[in-house]
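Shown below: structure.tsv, with TSV, C-alpha atoms (C1' of nucleotides).
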```
chain	number	residue	atom	x	y	z
B	257	MET	CA	-19.01	145.09	-8.07
B	258	ILE	CA	-15.68	145.92	-9.51
B	259	LYS	CA	-13.82	143.01	-7.98
B	260	SER	CA	-15.81	140.49	-9.93
B	261	TYR	CA	-14.98	142.32	-13.15
B	262	ILE	CA	-11.28	141.81	-12.89
B	263	GLU	CA	-11.36	138.32	-11.46
B	264	ASN	CA	-13.49	137.11	-14.28
B	265	ALA	CA	-11.03	138.64	-16.72
B	266	ASN	CA	-14.20	139.67	-18.42
B	267	PHE	CA	-14.24	143.42	-18.34
B	268	GLU	CA	-15.64	143.81	-21.82
B	269	ASP	CA	-18.87	142.25	-20.71
B	270	THR	CA	-19.58	144.44	-17.69
B	271	GLY	CA	-22.13	147.12	-16.93
B	272	PHE	CA	-19.37	149.63	-16.73
B	273	SER	CA	-17.97	149.10	-20.18
B	274	TYR	CA	-21.54	148.89	-21.38
B	275	THR	CA	-22.24	152.37	-20.02
B	276	LEU	CA	-19.08	153.65	-21.62
B	277	SER	CA	-20.03	152.25	-24.97
B	278	LEU	CA	-23.21	154.32	-24.88
B	279	ILE	CA	-21.53	157.64	-24.29
B	280	SER	CA	-18.14	157.29	-25.89
B	281	GLY	CA	-17.07	159.55	-28.68
B	282	LYS	CA	-16.35	163.22	-28.87
B	283	HIS	CA	-19.86	164.60	-28.85
B	284	LYS	CA	-22.41	162.25	-27.32
B	285	MET	CA	-22.20	163.60	-23.82
B	286	VAL	CA	-22.49	167.15	-25.04
B	287	ILE	CA	-25.55	166.24	-27.06
B	288	LEU	CA	-27.11	164.65	-24.01
B	289	TYR	CA	-26.35	167.77	-22.00
B	290	CYS	CA	-28.02	170.00	-24.55
B	291	LEU	CA	-31.09	167.81	-24.50
B	292	MET	CA	-31.15	167.85	-20.73
B	293	GLU	CA	-30.91	171.59	-20.68
B	294	PHE	CA	-33.29	172.52	-23.48
B	295	GLU	CA	-35.51	169.42	-23.34
B	296	VAL	CA	-36.77	169.56	-26.92
B	297	VAL	CA	-34.30	170.47	-29.64
B	298	ARG	CA	-34.29	170.36	-33.43
B	299	PHE	CA	-31.46	169.11	-35.61
B	300	ASN	CA	-30.00	172.40	-36.77
B	301	GLU	CA	-30.54	173.98	-33.40
B	302	LEU	CA	-28.46	171.23	-31.86
B	303	ARG	CA	-25.83	171.73	-34.49
B	304	ARG	CA	-25.47	175.34	-33.45
B	305	TYR	CA	-25.05	174.45	-29.78
B	306	LEU	CA	-22.27	172.03	-30.59
B	307	ASN	CA	-19.70	174.36	-31.87
B	308	LYS	CA	-18.10	172.54	-34.76
B	309	ILE	CA	-19.84	169.28	-35.41
B	310	SER	CA	-20.49	168.15	-38.96
B	311	ASP	CA	-23.92	167.10	-40.28
B	312	LYS	CA	-22.69	163.60	-40.72
B	313	THR	CA	-21.25	163.20	-37.26
B	314	LEU	CA	-24.30	164.69	-35.59
B	315	ALA	CA	-26.63	162.46	-37.56
B	316	THR	CA	-24.59	159.38	-36.72
B	317	ASN	CA	-24.46	160.23	-33.05
B	318	LEU	CA	-28.19	160.91	-32.84
B	319	LYS	CA	-28.97	157.62	-34.51
B	320	GLU	CA	-26.85	155.69	-32.07
B	321	LEU	CA	-28.28	157.51	-29.07
B	322	GLU	CA	-31.74	156.74	-30.34
B	323	LYS	CA	-30.91	153.10	-30.95
B	324	ASP	CA	-29.58	152.89	-27.40
B	325	GLN	CA	-32.85	154.41	-26.24
B	326	LEU	CA	-31.26	157.35	-24.51
B	327	ILE	CA	-33.05	159.90	-26.66
B	328	ILE	CA	-36.37	160.12	-28.46
B	329	ARG	CA	-36.71	161.23	-32.08
B	330	LYS	CA	-40.05	162.70	-33.06
B	331	GLU	CA	-40.61	163.36	-36.72
B	332	TYR	CA	-43.39	165.59	-38.02
B	333	PRO	CA	-44.50	164.57	-41.52
B	334	GLN	CA	-44.47	167.98	-43.16
B	335	ILE	CA	-42.60	170.10	-45.69
B	336	PRO	CA	-40.13	171.42	-44.72
B	337	PRO	CA	-39.41	168.53	-42.38
B	338	LYS	CA	-39.34	168.99	-38.64
B	339	VAL	CA	-37.69	166.62	-36.18
B	340	GLU	CA	-37.49	167.05	-32.45
B	341	TYR	CA	-35.06	165.29	-30.15
B	342	SER	CA	-35.44	164.87	-26.40
B	343	LEU	CA	-34.15	162.72	-23.54
B	344	SER	CA	-35.91	159.48	-22.72
B	345	GLU	CA	-36.48	158.50	-19.09
B	346	ARG	CA	-33.54	156.16	-19.46
B	347	GLY	CA	-31.45	159.03	-20.77
B	348	LYS	CA	-32.46	161.22	-17.86
B	349	SER	CA	-31.42	158.61	-15.35
B	350	LEU	CA	-28.01	158.36	-16.97
B	351	MET	CA	-27.58	162.11	-16.81
B	352	GLU	CA	-27.89	161.99	-13.05
B	353	VAL	CA	-24.79	159.85	-12.89
B	354	LEU	CA	-22.88	161.86	-15.47
B	355	ASP	CA	-23.51	165.02	-13.54
B	356	GLN	CA	-21.32	163.55	-10.81
B	357	LEU	CA	-18.44	163.62	-13.25
B	358	CYS	CA	-19.04	167.35	-13.67
B	359	VAL	CA	-18.84	167.84	-9.96
B	360	TRP	CA	-15.67	165.81	-9.62
B	361	GLY	CA	-14.11	167.70	-12.49
B	362	GLU	CA	-14.93	171.06	-10.99
B	363	ASN	CA	-13.54	170.06	-7.64
B	364	ASN	CA	-10.44	168.31	-8.90
B	365	ARG	CA	-9.24	170.41	-11.75
B	366	MET	CA	-5.59	171.24	-11.56
B	367	ARG	CA	-4.58	174.82	-12.20
A	9	MET	CA	-23.95	173.21	-12.79
A	10	ILE	CA	-24.83	171.97	-16.23
A	11	LYS	CA	-26.97	174.93	-17.17
A	12	SER	CA	-24.04	177.29	-17.01
A	13	TYR	CA	-22.08	175.05	-19.36
A	14	ILE	CA	-24.46	175.38	-22.22
A	15	GLU	CA	-25.33	178.99	-21.71
A	16	ASN	CA	-21.72	179.93	-21.83
A	17	ALA	CA	-21.35	178.00	-25.08
A	18	ASN	CA	-18.16	176.94	-23.43
A	19	PHE	CA	-18.44	173.24	-22.89
A	20	GLU	CA	-14.84	172.51	-23.78
A	21	ASP	CA	-13.71	174.41	-20.72
A	22	THR	CA	-15.85	172.66	-18.14
A	23	GLY	CA	-15.12	170.30	-15.29
A	24	PHE	CA	-17.07	167.64	-17.06
A	25	SER	CA	-15.10	167.62	-20.27
A	26	TYR	CA	-12.01	167.91	-18.14
A	27	THR	CA	-12.91	164.69	-16.34
A	28	LEU	CA	-13.58	163.00	-19.63
A	29	SER	CA	-10.23	164.02	-21.01
A	30	LEU	CA	-8.54	162.20	-18.13
A	31	ILE	CA	-10.23	158.87	-18.70
A	32	SER	CA	-10.91	158.78	-22.43
A	33	GLY	CA	-9.42	156.12	-24.61
A	34	LYS	CA	-9.91	152.42	-24.83
A	35	HIS	CA	-7.94	151.30	-21.81
A	36	LYS	CA	-7.55	154.00	-19.18
A	37	MET	CA	-10.58	153.09	-17.14
A	38	VAL	CA	-9.66	149.45	-17.15
A	39	ILE	CA	-6.17	150.31	-15.98
A	40	LEU	CA	-7.63	152.38	-13.15
A	41	TYR	CA	-9.89	149.50	-12.19
A	42	CYS	CA	-7.01	147.09	-12.03
A	43	LEU	CA	-5.10	149.46	-9.81
A	44	MET	CA	-8.11	149.91	-7.59
A	45	GLU	CA	-8.54	146.19	-7.27
A	46	PHE	CA	-4.95	145.08	-6.83
A	47	GLU	CA	-3.56	148.29	-5.37
A	48	VAL	CA	0.07	147.81	-6.37
A	49	VAL	CA	0.76	146.38	-9.80
A	50	ARG	CA	3.83	146.00	-12.00
A	51	PHE	CA	4.02	146.75	-15.70
A	52	ASN	CA	3.90	143.26	-17.13
A	53	GLU	CA	1.37	142.16	-14.55
A	54	LEU	CA	-0.91	144.96	-15.72
A	55	ARG	CA	-0.37	143.94	-19.29
A	56	ARG	CA	-1.66	140.48	-18.51
A	57	TYR	CA	-4.80	141.81	-16.86
A	58	LEU	CA	-5.61	143.92	-19.90
A	59	ASN	CA	-6.23	141.27	-22.42
A	60	LYS	CA	-4.71	142.61	-25.59
A	61	ILE	CA	-2.95	145.85	-24.98
A	62	SER	CA	0.40	146.53	-26.62
A	63	ASP	CA	3.51	147.63	-24.73
A	64	LYS	CA	3.42	150.94	-26.46
A	65	THR	CA	-0.20	151.71	-25.70
A	66	LEU	CA	0.12	150.65	-22.08
A	67	ALA	CA	3.22	152.76	-21.59
A	68	THR	CA	1.57	155.79	-23.18
A	69	ASN	CA	-1.53	155.42	-21.06
A	70	LEU	CA	0.42	155.01	-17.85
A	71	LYS	CA	2.44	158.11	-18.59
A	72	GLU	CA	-0.65	160.19	-19.15
A	73	LEU	CA	-2.36	158.87	-16.06
A	74	GLU	CA	0.74	159.71	-14.07
A	75	LYS	CA	0.98	163.18	-15.58
A	76	ASP	CA	-2.66	163.75	-14.63
A	77	GLN	CA	-1.77	162.59	-11.13
A	78	LEU	CA	-4.31	159.81	-11.03
A	79	ILE	CA	-1.68	157.14	-10.49
A	80	ILE	CA	1.71	156.92	-8.82
A	81	ARG	CA	4.73	155.37	-10.46
A	82	LYS	CA	7.38	154.03	-8.14
A	83	GLU	CA	10.65	152.92	-9.67
A	84	TYR	CA	13.20	150.74	-7.89
A	85	PRO	CA	16.73	151.38	-9.10
A	86	GLN	CA	17.82	147.81	-9.63
A	87	ILE	CA	18.62	145.28	-12.32
A	88	PRO	CA	16.32	143.94	-13.62
A	89	PRO	CA	14.16	147.03	-13.23
A	90	LYS	CA	11.06	147.02	-11.09
A	91	VAL	CA	8.29	149.57	-11.33
A	92	GLU	CA	5.11	149.62	-9.29
A	93	TYR	CA	1.96	151.48	-10.17
A	94	SER	CA	-0.83	152.42	-7.77
A	95	LEU	CA	-3.75	154.81	-7.45
A	96	SER	CA	-3.16	158.25	-5.97
A	97	GLU	CA	-5.68	159.71	-3.53
A	98	ARG	CA	-6.95	161.79	-6.42
A	99	GLY	CA	-7.31	158.65	-8.51
A	100	LYS	CA	-9.20	156.90	-5.72
A	101	SER	CA	-11.67	159.77	-5.44
A	102	LEU	CA	-12.35	159.57	-9.16
A	103	MET	CA	-12.98	155.84	-8.93
A	104	GLU	CA	-15.80	156.46	-6.50
A	105	VAL	CA	-17.63	158.38	-9.17
A	106	LEU	CA	-16.82	155.95	-11.93
A	107	ASP	CA	-18.20	153.12	-9.87
A	108	GLN	CA	-21.60	154.77	-10.21
A	109	LEU	CA	-21.34	154.19	-13.94
A	110	CYS	CA	-20.91	150.50	-13.20
A	111	VAL	CA	-24.04	150.47	-11.15
A	112	TRP	CA	-26.06	152.34	-13.77
A	113	GLY	CA	-24.81	149.98	-16.45
A	114	GLU	CA	-25.74	146.89	-14.47
A	115	ASN	CA	-29.21	148.24	-13.77
A	116	ASN	CA	-29.91	149.60	-17.23
A	117	ARG	CA	-28.49	147.07	-19.56
A	118	MET	CA	-30.83	146.04	-22.31
A	119	ARG	CA	-31.16	142.37	-23.01
U	97	DC	C1'	-35.08	171.36	-42.86
U	98	DG	C1'	-32.95	167.28	-41.96
U	99	DG	C1'	-30.51	164.65	-43.54
U	100	DT	C1'	-27.02	161.14	-47.22
U	101	DA	C1'	-23.03	160.09	-50.04
U	102	DT	C1'	-18.43	160.40	-50.99
U	103	DC	C1'	-13.95	161.25	-50.08
U	104	DC	C1'	-10.23	162.66	-47.05
U	105	DA	C1'	-7.41	163.83	-42.66
U	106	DT	C1'	-6.09	162.57	-38.29
U	107	DA	C1'	-5.32	160.14	-34.26
U	108	DA	C1'	-5.57	156.03	-31.68
U	109	DC	C1'	-4.13	151.63	-31.44
U	110	DG	C1'	-1.36	147.41	-32.61
U	111	DA	C1'	2.79	144.28	-34.17
U	112	DT	C1'	7.32	143.53	-34.25
U	113	DA	C1'	11.91	144.25	-33.12
U	114	DC	C1'	15.13	145.92	-30.02
U	115	DT	C1'	17.56	147.90	-25.52
U	116	DG	C1'	19.61	149.47	-20.75
E	56	DC	C1'	11.74	143.82	-16.57
E	57	DA	C1'	10.11	147.84	-18.38
E	58	DG	C1'	10.12	150.01	-21.59
E	59	DT	C1'	11.34	152.66	-26.81
E	60	DA	C1'	11.40	152.93	-32.00
E	61	DT	C1'	9.43	152.15	-36.20
E	62	DC	C1'	5.99	151.08	-39.14
E	63	DG	C1'	1.39	149.70	-40.43
E	64	DT	C1'	-3.69	149.37	-39.55
E	65	DT	C1'	-8.06	150.84	-38.10
E	66	DA	C1'	-11.49	153.89	-36.19
E	67	DT	C1'	-13.25	158.39	-35.87
E	68	DG	C1'	-14.44	162.66	-37.32
E	69	DG	C1'	-14.57	166.49	-40.92
E	70	DA	C1'	-15.48	168.90	-45.75
E	71	DT	C1'	-18.05	169.25	-49.50
E	72	DA	C1'	-21.77	168.37	-52.38
E	73	DC	C1'	-26.26	166.95	-53.02
E	74	DC	C1'	-31.40	165.34	-52.15
E	75	DG	C1'	-36.60	164.67	-50.84
```
For this file, write the structure as structure tokens.
Amino acid sequence: MIKSYIENANFEDTGFSYTLSLISGKHKMVILYCLMEFEVVRFNELRRYLNKISDKTLATNLKELEKDQLIIRKEYPQIPPKVEYSLSERGKSLMEVLDQLCVWGENNRMR
Amino acid sequence: MIKSYIENANFEDTGFSYTLSLISGKHKMVILYCLMEFEVVRFNELRRYLNKISDKTLATNLKELEKDQLIIRKEYPQIPPKVEYSLSERGKSLMEVLDQLCVWGENNRMR
DNA sequence: CGGTATCCATAACGATACTG
DNA sequence: CAGTATCGTTATGGATACCG
């Protein structure tokens, strides 16, 4: 898997860098975690879970996650507006892998 | 594992974000991959594998990876200088997890 | 409530020149 | 060869104000 990446001198076009592109940035992983934990979350609710994220950054991140089909955005046409975010099946499958990073981190933290 | 993260409203202090802090940035993962693949690599050799990385950025990244004990820097006291980089055992164990991201990316790429 | 628009701060990264 | 120093550029995120 990895060997072919380097030999082809073509890392940018690999599944690995593709995965990274989906979850890079300061907040995306945390957003995904919140959605995994609470399943269905509204915009301002999410903003409270993420300690100090701005409206703009949260909105941008959610749009990208939606575009990448990791999360689902459900809008209710009402006043005041109501929008619910949740993980897609694709998003859930990614979370299984990311959880391994948690485990490694817990086990390999240096004191 | 994850549940406790959110409930504690303490994500910044988790094993997961810790792992991320080790490998964030544009090049670190690629550097680790090169070291995994070629095992022992010199500075300029590494610079050629990473398409367009500057001296400065590569040096900074290598220093951080070394400080985080993911890689080992071995310097030969000679003229001209010779320095070899390789994965530590800790670095190798992290690569096993990261490889799962490869696999997910290959399987879940959208066309 | 769930955003946008605008402007600004910061940090990451890069280019070039130089050195022990 | 393996870097460092300096400067410039770009990408990312934040603050504030405002809107349907």
Distance query DC103 in chain U at most 12 Å, only C-alpha atoms (C1' of nucleotides), self and fewer than 5 positions along chain excluded, as a PyMOL selection string: chain E and resi 69-72
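All of the residues in chain A within 10 Å of chain U are A:Gly33, A:Lys34, A:Lys60, A:Ile61, A:Ser62, A:Asp63, A:Lys64, A:Thr65, A:Ile87, A:Pro88, A:Pro89, where only C-alpha atoms (C1' of nucleotides) were counted.
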Give me the least-squares superposed chain A (reference chain B; all C-alpha atoms paired in order) as a PDB file with C-alpha atoms, in the frame of the given file.
```pdb
ATOM      1  CA  MET A   9     -19.111 145.115  -8.027  1.00  0.00           C
ATOM      2  CA  ILE A  10     -15.740 145.957  -9.467  1.00  0.00           C
ATOM      3  CA  LYS A  11     -13.918 143.044  -7.911  1.00  0.00           C
ATOM      4  CA  SER A  12     -15.929 140.541  -9.878  1.00  0.00           C
ATOM      5  CA  TYR A  13     -15.043 142.331 -13.102  1.00  0.00           C
ATOM      6  CA  ILE A  14     -11.360 141.790 -12.798  1.00  0.00           C
ATOM      7  CA  GLU A  15     -11.497 138.338 -11.343  1.00  0.00           C
ATOM      8  CA  ASN A  16     -13.590 137.161 -14.200  1.00  0.00           C
ATOM      9  CA  ALA A  17     -11.063 138.630 -16.625  1.00  0.00           C
ATOM     10  CA  ASN A  18     -14.201 139.686 -18.374  1.00  0.00           C
ATOM     11  CA  PHE A  19     -14.225 143.435 -18.307  1.00  0.00           C
ATOM     12  CA  GLU A  20     -15.581 143.813 -21.815  1.00  0.00           C
ATOM     13  CA  ASP A  21     -18.837 142.252 -20.712  1.00  0.00           C
ATOM     14  CA  THR A  22     -19.538 144.453 -17.718  1.00  0.00           C
ATOM     15  CA  GLY A  23     -22.107 147.107 -16.957  1.00  0.00           C
ATOM     16  CA  PHE A  24     -19.357 149.638 -16.749  1.00  0.00           C
ATOM     17  CA  SER A  25     -17.931 149.119 -20.196  1.00  0.00           C
ATOM     18  CA  TYR A  26     -21.486 148.907 -21.415  1.00  0.00           C
ATOM     19  CA  THR A  27     -22.192 152.383 -20.058  1.00  0.00           C
ATOM     20  CA  LEU A  28     -19.036 153.676 -21.638  1.00  0.00           C
ATOM     21  CA  SER A  29     -19.966 152.274 -25.006  1.00  0.00           C
ATOM     22  CA  LEU A  30     -23.160 154.337 -24.931  1.00  0.00           C
ATOM     23  CA  ILE A  31     -21.485 157.668 -24.324  1.00  0.00           C
ATOM     24  CA  SER A  32     -18.075 157.322 -25.947  1.00  0.00           C
ATOM     25  CA  GLY A  33     -17.021 159.579 -28.747  1.00  0.00           C
ATOM     26  CA  LYS A  34     -16.310 163.244 -28.951  1.00  0.00           C
ATOM     27  CA  HIS A  35     -19.828 164.613 -28.932  1.00  0.00           C
ATOM     28  CA  LYS A  36     -22.355 162.254 -27.380  1.00  0.00           C
ATOM     29  CA  MET A  37     -22.152 163.610 -23.875  1.00  0.00           C
ATOM     30  CA  VAL A  38     -22.445 167.152 -25.085  1.00  0.00           C
ATOM     31  CA  ILE A  39     -25.500 166.228 -27.109  1.00  0.00           C
ATOM     32  CA  LEU A  40     -27.056 164.636 -24.032  1.00  0.00           C
ATOM     33  CA  TYR A  41     -26.307 167.754 -22.022  1.00  0.00           C
ATOM     34  CA  CYS A  42     -27.973 169.975 -24.556  1.00  0.00           C
ATOM     35  CA  LEU A  43     -31.043 167.792 -24.508  1.00  0.00           C
ATOM     36  CA  MET A  44     -31.087 167.825 -20.741  1.00  0.00           C
ATOM     37  CA  GLU A  45     -30.845 171.575 -20.683  1.00  0.00           C
ATOM     38  CA  PHE A  46     -33.241 172.500 -23.461  1.00  0.00           C
ATOM     39  CA  GLU A  47     -35.448 169.421 -23.327  1.00  0.00           C
ATOM     40  CA  VAL A  48     -36.750 169.535 -26.891  1.00  0.00           C
ATOM     41  CA  VAL A  49     -34.300 170.465 -29.614  1.00  0.00           C
ATOM     42  CA  ARG A  50     -34.312 170.362 -33.409  1.00  0.00           C
ATOM     43  CA  PHE A  51     -31.494 169.133 -35.608  1.00  0.00           C
ATOM     44  CA  ASN A  52     -30.040 172.411 -36.783  1.00  0.00           C
ATOM     45  CA  GLU A  53     -30.554 173.993 -33.392  1.00  0.00           C
ATOM     46  CA  LEU A  54     -28.454 171.218 -31.877  1.00  0.00           C
ATOM     47  CA  ARG A  55     -25.830 171.735 -34.508  1.00  0.00           C
ATOM     48  CA  ARG A  56     -25.469 175.342 -33.458  1.00  0.00           C
ATOM     49  CA  TYR A  57     -25.036 174.439 -29.804  1.00  0.00           C
ATOM     50  CA  LEU A  58     -22.250 172.012 -30.643  1.00  0.00           C
ATOM     51  CA  ASN A  59     -19.680 174.351 -31.939  1.00  0.00           C
ATOM     52  CA  LYS A  60     -18.112 172.521 -34.828  1.00  0.00           C
ATOM     53  CA  ILE A  61     -19.854 169.280 -35.480  1.00  0.00           C
ATOM     54  CA  SER A  62     -20.553 168.181 -39.041  1.00  0.00           C
ATOM     55  CA  ASP A  63     -23.980 167.136 -40.312  1.00  0.00           C
ATOM     56  CA  LYS A  64     -22.753 163.644 -40.820  1.00  0.00           C
ATOM     57  CA  THR A  65     -21.283 163.211 -37.366  1.00  0.00           C
ATOM     58  CA  LEU A  66     -24.317 164.705 -35.663  1.00  0.00           C
ATOM     59  CA  ALA A  67     -26.677 162.480 -37.608  1.00  0.00           C
ATOM     60  CA  THR A  68     -24.625 159.384 -36.814  1.00  0.00           C
ATOM     61  CA  ASN A  69     -24.482 160.221 -33.137  1.00  0.00           C
ATOM     62  CA  LEU A  70     -28.188 160.913 -32.901  1.00  0.00           C
ATOM     63  CA  LYS A  71     -28.988 157.621 -34.562  1.00  0.00           C
ATOM     64  CA  GLU A  72     -26.854 155.689 -32.133  1.00  0.00           C
ATOM     65  CA  LEU A  73     -28.248 157.501 -29.135  1.00  0.00           C
ATOM     66  CA  GLU A  74     -31.732 156.727 -30.373  1.00  0.00           C
ATOM     67  CA  LYS A  75     -30.888 153.083 -30.999  1.00  0.00           C
ATOM     68  CA  ASP A  76     -29.546 152.875 -27.444  1.00  0.00           C
ATOM     69  CA  GLN A  77     -32.812 154.415 -26.283  1.00  0.00           C
ATOM     70  CA  LEU A  78     -31.212 157.342 -24.533  1.00  0.00           C
ATOM     71  CA  ILE A  79     -33.019 159.885 -26.679  1.00  0.00           C
ATOM     72  CA  ILE A  80     -36.347 160.099 -28.471  1.00  0.00           C
ATOM     73  CA  ARG A  81     -36.703 161.229 -32.050  1.00  0.00           C
ATOM     74  CA  LYS A  82     -40.044 162.683 -33.012  1.00  0.00           C
ATOM     75  CA  GLU A  83     -40.664 163.375 -36.672  1.00  0.00           C
ATOM     76  CA  TYR A  84     -43.456 165.597 -37.974  1.00  0.00           C
ATOM     77  CA  PRO A  85     -44.604 164.582 -41.436  1.00  0.00           C
ATOM     78  CA  GLN A  86     -44.583 167.977 -43.075  1.00  0.00           C
ATOM     79  CA  ILE A  87     -42.720 170.085 -45.598  1.00  0.00           C
ATOM     80  CA  PRO A  88     -40.229 171.391 -44.669  1.00  0.00           C
ATOM     81  CA  PRO A  89     -39.476 168.522 -42.310  1.00  0.00           C
ATOM     82  CA  LYS A  90     -39.372 169.006 -38.576  1.00  0.00           C
ATOM     83  CA  VAL A  91     -37.715 166.629 -36.159  1.00  0.00           C
ATOM     84  CA  GLU A  92     -37.488 167.045 -32.410  1.00  0.00           C
ATOM     85  CA  TYR A  93     -35.047 165.294 -30.146  1.00  0.00           C
ATOM     86  CA  SER A  94     -35.398 164.851 -26.390  1.00  0.00           C
ATOM     87  CA  LEU A  95     -34.093 162.714 -23.548  1.00  0.00           C
ATOM     88  CA  SER A  96     -35.861 159.461 -22.729  1.00  0.00           C
ATOM     89  CA  GLU A  97     -36.438 158.491 -19.101  1.00  0.00           C
ATOM     90  CA  ARG A  98     -33.500 156.143 -19.486  1.00  0.00           C
ATOM     91  CA  GLY A  99     -31.397 159.006 -20.806  1.00  0.00           C
ATOM     92  CA  LYS A 100     -32.414 161.217 -17.891  1.00  0.00           C
ATOM     93  CA  SER A 101     -31.374 158.571 -15.374  1.00  0.00           C
ATOM     94  CA  LEU A 102     -27.965 158.335 -17.005  1.00  0.00           C
ATOM     95  CA  MET A 103     -27.532 162.097 -16.840  1.00  0.00           C
ATOM     96  CA  GLU A 104     -27.868 161.976 -13.083  1.00  0.00           C
ATOM     97  CA  VAL A 105     -24.767 159.851 -12.910  1.00  0.00           C
ATOM     98  CA  LEU A 106     -22.861 161.849 -15.469  1.00  0.00           C
ATOM     99  CA  ASP A 107     -23.519 165.003 -13.525  1.00  0.00           C
ATOM    100  CA  GLN A 108     -21.351 163.544 -10.774  1.00  0.00           C
ATOM    101  CA  LEU A 109     -18.462 163.623 -13.216  1.00  0.00           C
ATOM    102  CA  CYS A 110     -19.067 167.342 -13.604  1.00  0.00           C
ATOM    103  CA  VAL A 111     -18.872 167.836  -9.900  1.00  0.00           C
ATOM    104  CA  TRP A 112     -15.696 165.779  -9.551  1.00  0.00           C
ATOM    105  CA  GLY A 113     -14.118 167.690 -12.410  1.00  0.00           C
ATOM    106  CA  GLU A 114     -14.960 171.062 -10.908  1.00  0.00           C
ATOM    107  CA  ASN A 115     -13.568 170.038  -7.536  1.00  0.00           C
ATOM    108  CA  ASN A 116     -10.460 168.293  -8.802  1.00  0.00           C
ATOM    109  CA  ARG A 117      -9.252 170.407 -11.616  1.00  0.00           C
ATOM    110  CA  MET A 118      -5.591 171.223 -11.454  1.00  0.00           C
ATOM    111  CA  ARG A 119      -4.590 174.787 -12.061  1.00  0.00           C
TER     112      ARG A 119
END
```
Just need the residues of chain B within 8 Å of chain A, counting only C-alpha atoms, so spit them out as a short mmCIF file (atom, residue, chain, number, x, y, z; two decimals) with C-alpha atoms, in the frame of the given file.
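Wrote result-v1.cif, looks like this:
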```cif
data_model
loop_
_atom_site.label_atom_id
_atom_site.label_comp_id
_atom_site.auth_asym_id
_atom_site.auth_seq_id
_atom_site.Cartn_x
_atom_site.Cartn_y
_atom_site.Cartn_z
CA MET B 257 -19.01 145.09 -8.07
CA ILE B 258 -15.68 145.92 -9.51
CA LYS B 259 -13.82 143.01 -7.98
CA ILE B 262 -11.28 141.81 -12.89
CA ALA B 265 -11.03 138.64 -16.72
CA PHE B 267 -14.24 143.42 -18.34
CA THR B 270 -19.58 144.44 -17.69
CA GLY B 271 -22.13 147.12 -16.93
CA PHE B 272 -19.37 149.63 -16.73
CA SER B 273 -17.97 149.10 -20.18
CA TYR B 274 -21.54 148.89 -21.38
CA THR B 275 -22.24 152.37 -20.02
CA VAL B 286 -22.49 167.15 -25.04
CA TYR B 289 -26.35 167.77 -22.00
CA CYS B 290 -28.02 170.00 -24.55
CA GLU B 293 -30.91 171.59 -20.68
CA TYR B 305 -25.05 174.45 -29.78
CA ASN B 307 -19.70 174.36 -31.87
CA ARG B 346 -33.54 156.16 -19.46
CA LEU B 350 -28.01 158.36 -16.97
CA VAL B 353 -24.79 159.85 -12.89
CA LEU B 354 -22.88 161.86 -15.47
CA ASP B 355 -23.51 165.02 -13.54
CA GLN B 356 -21.32 163.55 -10.81
CA LEU B 357 -18.44 163.62 -13.25
CA CYS B 358 -19.04 167.35 -13.67
CA VAL B 359 -18.84 167.84 -9.96
CA TRP B 360 -15.67 165.81 -9.62
CA GLY B 361 -14.11 167.70 -12.49
CA GLU B 362 -14.93 171.06 -10.99
CA ASN B 363 -13.54 170.06 -7.64
CA ASN B 364 -10.44 168.31 -8.90
CA ARG B 365 -9.24 170.41 -11.75
#
```
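Interatomic distance, CA of Val296 in chain B to CA of Ala315 in chain B: 16.3 Å.
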Selected residue, from B:Met351, B:Leu291, B:Ile328, B:Asn317, that lies nearest to chain E when counting all atoms listed in the file: B:Asn317
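For the atom pair formed by CA of Gly99 in chain A and CA of Glu53 in chain A, the distance is 19.6 Å, given to one decimal.
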B:Val339, B:Leu302, B:Leu314, B:Leu288 ranked by distance to chain E, top pick (using all atoms listed in the file): B:Leu314
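For the pair CA of Tyr93 in chain A and CA of Arg50 in chain A, the separation is 6.1 Å.
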Taking all listed atoms of range 62-71 of chain E, build the axis-aligned box, pad each of the six sides by 8 Å, then write its centre and edge lengths in Å to one decimal as AutoDock Vina command-line options.
```
--center_x -6.0 --center_y 159.3 --center_z -42.7 --size_x 40.0 --size_y 35.9 --size_z 29.6
```
